[in-house]
Amino acid sequence: MHIPFLEVYARGKGIVRLRINFLHMESDPNTPELVQRLKNAFQFLGNDMVKTGAIGEFIAAGTSAASPFVAAAKRVAAAGWRAEVHSLGRRNTPASNPADFELEIMGLRGCEHRFPGRRAG
């Protein structure tokens, strides 16, 4: 999916900042696939115009206490990656903030996407 964009930028015709995120979704509470993705994806590779940016738009299947969301968030934060979790539903889930407070991830900018007609929070 990203190859056509890279071609445009290689020709010097790219005009917008492009961030490429690594989509991830898994239901295993031990998150073995996420562990491998974090080891094998190029973190923040690129320049000001085109750069790999985060793990997301999902990091795990679900956000309930039974899902691997909290474990995934902690792994992403510990690896120094930014997690971008997009949701059209409720944003303040019980599992939404543990990694932010348990691990220091200073220097990484957060990203919240808003949708027309939806209230944040």
# chains A, B, ... in the order shown; residues from 1 in each chain; ligands from 1
call {"tool": "residues_around", "arguments": {"residues": "stretch 43-49 of chain A", "least_positions_apart": "5", "cutoff": "10 Å", "atoms": "only C-alpha atoms", "output": "ChimeraX atom specification"}}
result
/A:9,14-22,38,54-55,79-82
call {"tool": "write_last_selection", "arguments": {"atoms": "C-alpha atoms", "output": "compact mmCIF listing (two decimals), in the first residue's frame"}}
result
# COMPACT_ATOMS: atom_id res chain seq x y z
CA TYR A 9 8.05 11.16 -3.21
CA GLY A 14 5.02 14.51 -2.73
CA ILE A 15 3.31 17.50 -1.11
CA VAL A 16 1.95 16.16 2.20
CA ARG A 17 3.58 14.66 5.27
CA LEU A 18 3.05 10.90 5.25
CA ARG A 19 3.36 8.70 8.32
CA ILE A 20 3.32 4.94 7.79
CA ASN A 21 2.00 2.96 10.74
CA PHE A 22 2.30 -0.77 11.25
CA LEU A 38 8.44 -4.60 17.39
CA ALA A 54 3.82 3.99 15.08
CA ILE A 55 2.20 0.68 15.81
CA ALA A 79 10.02 -0.60 22.93
CA GLY A 80 9.84 3.19 22.53
CA TRP A 81 7.19 3.12 19.84
CA ARG A 82 4.15 5.35 19.62
call {"tool": "residues_around", "arguments": {"residues": "A:Leu23", "least_positions_apart": "5", "cutoff": "8 Å", "atoms": "only C-alpha atoms", "output": "list of chain:residue names"}}
result
A:Ile55, A:Gly56, A:Glu57, A:Phe58, A:Ile59
call {"tool": "decode", "arguments": {"residues": "stretch 22-38 of chain A", "atoms": "all heavy atoms", "output": "PDB file, in the first residue's frame"}}
result
ATOM      1  N   PHE A  22       2.327   0.666  11.393  1.00  0.00           N
ATOM      2  CA  PHE A  22       2.304  -0.774  11.252  1.00  0.00           C
ATOM      3  C   PHE A  22       1.067  -1.320  11.957  1.00  0.00           C
ATOM      4  O   PHE A  22       1.023  -1.401  13.181  1.00  0.00           O
ATOM      5  CB  PHE A  22       3.578  -1.384  11.836  1.00  0.00           C
ATOM      6  CG  PHE A  22       4.812  -0.954  11.088  1.00  0.00           C
ATOM      7  CD1 PHE A  22       5.567   0.112  11.541  1.00  0.00           C
ATOM      8  CD2 PHE A  22       5.190  -1.600   9.929  1.00  0.00           C
ATOM      9  CE1 PHE A  22       6.695   0.516  10.852  1.00  0.00           C
ATOM     10  CE2 PHE A  22       6.316  -1.209   9.228  1.00  0.00           C
ATOM     11  CZ  PHE A  22       7.074  -0.140   9.691  1.00  0.00           C
ATOM     12  N   LEU A  23       0.070  -1.673  11.172  1.00  0.00           N
ATOM     13  CA  LEU A  23      -1.182  -2.214  11.694  1.00  0.00           C
ATOM     14  C   LEU A  23      -0.912  -3.510  12.440  1.00  0.00           C
ATOM     15  O   LEU A  23      -0.134  -4.346  12.001  1.00  0.00           O
ATOM     16  CB  LEU A  23      -2.146  -2.480  10.534  1.00  0.00           C
ATOM     17  CG  LEU A  23      -3.482  -3.115  10.890  1.00  0.00           C
ATOM     18  CD1 LEU A  23      -4.304  -2.168  11.747  1.00  0.00           C
ATOM     19  CD2 LEU A  23      -4.234  -3.483   9.638  1.00  0.00           C
ATOM     20  N   HIS A  24      -1.561  -3.664  13.577  1.00  0.00           N
ATOM     21  CA  HIS A  24      -1.395  -4.902  14.329  1.00  0.00           C
ATOM     22  C   HIS A  24      -2.676  -5.253  15.069  1.00  0.00           C
ATOM     23  O   HIS A  24      -3.282  -4.405  15.709  1.00  0.00           O
ATOM     24  CB  HIS A  24      -0.251  -4.794  15.329  1.00  0.00           C
ATOM     25  CG  HIS A  24       0.039  -6.106  15.955  1.00  0.00           C
ATOM     26  ND1 HIS A  24       0.757  -7.077  15.298  1.00  0.00           N
ATOM     27  CD2 HIS A  24      -0.360  -6.649  17.111  1.00  0.00           C
ATOM     28  CE1 HIS A  24       0.797  -8.152  16.051  1.00  0.00           C
ATOM     29  NE2 HIS A  24       0.128  -7.923  17.167  1.00  0.00           N
ATOM     30  N   MET A  25      -3.049  -6.527  15.013  1.00  0.00           N
ATOM     31  CA  MET A  25      -4.239  -7.001  15.723  1.00  0.00           C
ATOM     32  C   MET A  25      -3.996  -8.451  16.073  1.00  0.00           C
ATOM     33  O   MET A  25      -3.741  -9.276  15.201  1.00  0.00           O
ATOM     34  CB  MET A  25      -5.469  -6.882  14.821  1.00  0.00           C
ATOM     35  CG  MET A  25      -6.726  -7.455  15.418  1.00  0.00           C
ATOM     36  SD  MET A  25      -7.450  -6.440  16.692  1.00  0.00           S
ATOM     37  CE  MET A  25      -8.230  -5.186  15.714  1.00  0.00           C
ATOM     38  N   GLU A  26      -4.033  -8.754  17.369  1.00  0.00           N
ATOM     39  CA  GLU A  26      -3.930 -10.153  17.774  1.00  0.00           C
ATOM     40  C   GLU A  26      -4.664 -10.365  19.090  1.00  0.00           C
ATOM     41  O   GLU A  26      -4.842  -9.433  19.866  1.00  0.00           O
ATOM     42  CB  GLU A  26      -2.472 -10.612  17.856  1.00  0.00           C
ATOM     43  CG  GLU A  26      -1.778 -10.458  19.162  1.00  0.00           C
ATOM     44  CD  GLU A  26      -0.329 -10.923  19.099  1.00  0.00           C
ATOM     45  OE1 GLU A  26      -0.081 -12.130  19.194  1.00  0.00           O
ATOM     46  OE2 GLU A  26       0.541 -10.061  18.958  1.00  0.00           O
ATOM     47  N   SER A  27      -5.095 -11.587  19.316  1.00  0.00           N
ATOM     48  CA  SER A  27      -5.888 -11.896  20.506  1.00  0.00           C
ATOM     49  C   SER A  27      -5.131 -12.701  21.552  1.00  0.00           C
ATOM     50  O   SER A  27      -5.615 -12.875  22.665  1.00  0.00           O
ATOM     51  CB  SER A  27      -7.169 -12.635  20.112  1.00  0.00           C
ATOM     52  OG  SER A  27      -6.840 -13.801  19.397  1.00  0.00           O
ATOM     53  N   ASP A  28      -3.934 -13.164  21.226  1.00  0.00           N
ATOM     54  CA  ASP A  28      -3.144 -13.939  22.182  1.00  0.00           C
ATOM     55  C   ASP A  28      -2.664 -13.019  23.311  1.00  0.00           C
ATOM     56  O   ASP A  28      -2.001 -12.014  23.052  1.00  0.00           O
ATOM     57  CB  ASP A  28      -1.944 -14.556  21.464  1.00  0.00           C
ATOM     58  CG  ASP A  28      -1.142 -15.499  22.342  1.00  0.00           C
ATOM     59  OD1 ASP A  28      -1.000 -15.246  23.558  1.00  0.00           O
ATOM     60  OD2 ASP A  28      -0.633 -16.494  21.799  1.00  0.00           O
ATOM     61  N   PRO A  29      -2.966 -13.334  24.571  1.00  0.00           N
ATOM     62  CA  PRO A  29      -2.573 -12.466  25.684  1.00  0.00           C
ATOM     63  C   PRO A  29      -1.059 -12.309  25.845  1.00  0.00           C
ATOM     64  O   PRO A  29      -0.600 -11.337  26.437  1.00  0.00           O
ATOM     65  CB  PRO A  29      -3.181 -13.122  26.924  1.00  0.00           C
ATOM     66  CG  PRO A  29      -3.626 -14.466  26.521  1.00  0.00           C
ATOM     67  CD  PRO A  29      -3.728 -14.501  25.030  1.00  0.00           C
ATOM     68  N   ASN A  30      -0.277 -13.223  25.298  1.00  0.00           N
ATOM     69  CA  ASN A  30       1.185 -13.110  25.370  1.00  0.00           C
ATOM     70  C   ASN A  30       1.762 -12.260  24.242  1.00  0.00           C
ATOM     71  O   ASN A  30       2.958 -12.011  24.218  1.00  0.00           O
ATOM     72  CB  ASN A  30       1.826 -14.499  25.354  1.00  0.00           C
ATOM     73  CG  ASN A  30       1.445 -15.284  26.582  1.00  0.00           C
ATOM     74  OD1 ASN A  30       1.500 -14.772  27.688  1.00  0.00           O
ATOM     75  ND2 ASN A  30       1.020 -16.518  26.387  1.00  0.00           N
ATOM     76  N   THR A  31       0.930 -11.853  23.306  1.00  0.00           N
ATOM     77  CA  THR A  31       1.276 -11.005  22.153  1.00  0.00           C
ATOM     78  C   THR A  31       2.574 -11.408  21.441  1.00  0.00           C
ATOM     79  O   THR A  31       3.425 -10.566  21.173  1.00  0.00           O
ATOM     80  CB  THR A  31       1.330  -9.511  22.551  1.00  0.00           C
ATOM     81  OG1 THR A  31       2.398  -9.291  23.468  1.00  0.00           O
ATOM     82  CG2 THR A  31       0.030  -9.030  23.143  1.00  0.00           C
ATOM     83  N   PRO A  32       2.727 -12.684  21.071  1.00  0.00           N
ATOM     84  CA  PRO A  32       3.969 -13.093  20.407  1.00  0.00           C
ATOM     85  C   PRO A  32       4.178 -12.433  19.042  1.00  0.00           C
ATOM     86  O   PRO A  32       5.313 -12.137  18.661  1.00  0.00           O
ATOM     87  CB  PRO A  32       3.824 -14.611  20.263  1.00  0.00           C
ATOM     88  CG  PRO A  32       2.352 -14.854  20.277  1.00  0.00           C
ATOM     89  CD  PRO A  32       1.789 -13.803  21.193  1.00  0.00           C
ATOM     90  N   GLU A  33       3.105 -12.189  18.310  1.00  0.00           N
ATOM     91  CA  GLU A  33       3.239 -11.536  16.998  1.00  0.00           C
ATOM     92  C   GLU A  33       3.687 -10.090  17.165  1.00  0.00           C
ATOM     93  O   GLU A  33       4.519  -9.597  16.403  1.00  0.00           O
ATOM     94  CB  GLU A  33       1.919 -11.603  16.243  1.00  0.00           C
ATOM     95  CG  GLU A  33       1.515 -13.009  15.868  1.00  0.00           C
ATOM     96  CD  GLU A  33       0.093 -13.076  15.342  1.00  0.00           C
ATOM     97  OE1 GLU A  33      -0.507 -12.022  15.055  1.00  0.00           O
ATOM     98  OE2 GLU A  33      -0.430 -14.195  15.217  1.00  0.00           O
ATOM     99  N   LEU A  34       3.140  -9.411  18.164  1.00  0.00           N
ATOM    100  CA  LEU A  34       3.533  -8.024  18.427  1.00  0.00           C
ATOM    101  C   LEU A  34       5.007  -7.949  18.819  1.00  0.00           C
ATOM    102  O   LEU A  34       5.731  -7.049  18.366  1.00  0.00           O
ATOM    103  CB  LEU A  34       2.660  -7.409  19.520  1.00  0.00           C
ATOM    104  CG  LEU A  34       3.015  -5.971  19.911  1.00  0.00           C
ATOM    105  CD1 LEU A  34       2.865  -5.023  18.723  1.00  0.00           C
ATOM    106  CD2 LEU A  34       2.154  -5.519  21.083  1.00  0.00           C
ATOM    107  N   VAL A  35       5.458  -8.890  19.622  1.00  0.00           N
ATOM    108  CA  VAL A  35       6.875  -8.923  20.018  1.00  0.00           C
ATOM    109  C   VAL A  35       7.759  -8.969  18.773  1.00  0.00           C
ATOM    110  O   VAL A  35       8.732  -8.220  18.654  1.00  0.00           O
ATOM    111  CB  VAL A  35       7.160 -10.128  20.946  1.00  0.00           C
ATOM    112  CG1 VAL A  35       8.653 -10.343  21.122  1.00  0.00           C
ATOM    113  CG2 VAL A  35       6.481  -9.929  22.296  1.00  0.00           C
ATOM    114  N   GLN A  36       7.397  -9.816  17.811  1.00  0.00           N
ATOM    115  CA  GLN A  36       8.189  -9.929  16.585  1.00  0.00           C
ATOM    116  C   GLN A  36       8.077  -8.674  15.716  1.00  0.00           C
ATOM    117  O   GLN A  36       9.059  -8.238  15.116  1.00  0.00           O
ATOM    118  CB  GLN A  36       7.776 -11.174  15.797  1.00  0.00           C
ATOM    119  CG  GLN A  36       8.153 -12.460  16.494  1.00  0.00           C
ATOM    120  CD  GLN A  36       9.631 -12.511  16.859  1.00  0.00           C
ATOM    121  OE1 GLN A  36      10.496 -12.267  16.026  1.00  0.00           O
ATOM    122  NE2 GLN A  36       9.917 -12.816  18.114  1.00  0.00           N
ATOM    123  N   ARG A  37       6.883  -8.096  15.645  1.00  0.00           N
ATOM    124  CA  ARG A  37       6.713  -6.857  14.862  1.00  0.00           C
ATOM    125  C   ARG A  37       7.586  -5.746  15.437  1.00  0.00           C
ATOM    126  O   ARG A  37       8.245  -5.012  14.717  1.00  0.00           O
ATOM    127  CB  ARG A  37       5.257  -6.408  14.821  1.00  0.00           C
ATOM    128  CG  ARG A  37       5.095  -5.121  14.018  1.00  0.00           C
ATOM    129  CD  ARG A  37       3.667  -4.750  13.773  1.00  0.00           C
ATOM    130  NE  ARG A  37       2.951  -5.685  12.968  1.00  0.00           N
ATOM    131  CZ  ARG A  37       2.960  -5.727  11.634  1.00  0.00           C
ATOM    132  NH1 ARG A  37       3.700  -4.884  10.964  1.00  0.00           N
ATOM    133  NH2 ARG A  37       2.242  -6.597  10.990  1.00  0.00           N
ATOM    134  N   LEU A  38       7.619  -5.626  16.756  1.00  0.00           N
ATOM    135  CA  LEU A  38       8.436  -4.595  17.394  1.00  0.00           C
ATOM    136  C   LEU A  38       9.927  -4.818  17.143  1.00  0.00           C
ATOM    137  O   LEU A  38      10.688  -3.865  17.021  1.00  0.00           O
ATOM    138  CB  LEU A  38       8.152  -4.545  18.899  1.00  0.00           C
ATOM    139  CG  LEU A  38       6.757  -4.031  19.275  1.00  0.00           C
ATOM    140  CD1 LEU A  38       6.472  -4.303  20.742  1.00  0.00           C
ATOM    141  CD2 LEU A  38       6.613  -2.557  18.955  1.00  0.00           C
TER     142      LEU A  38
END
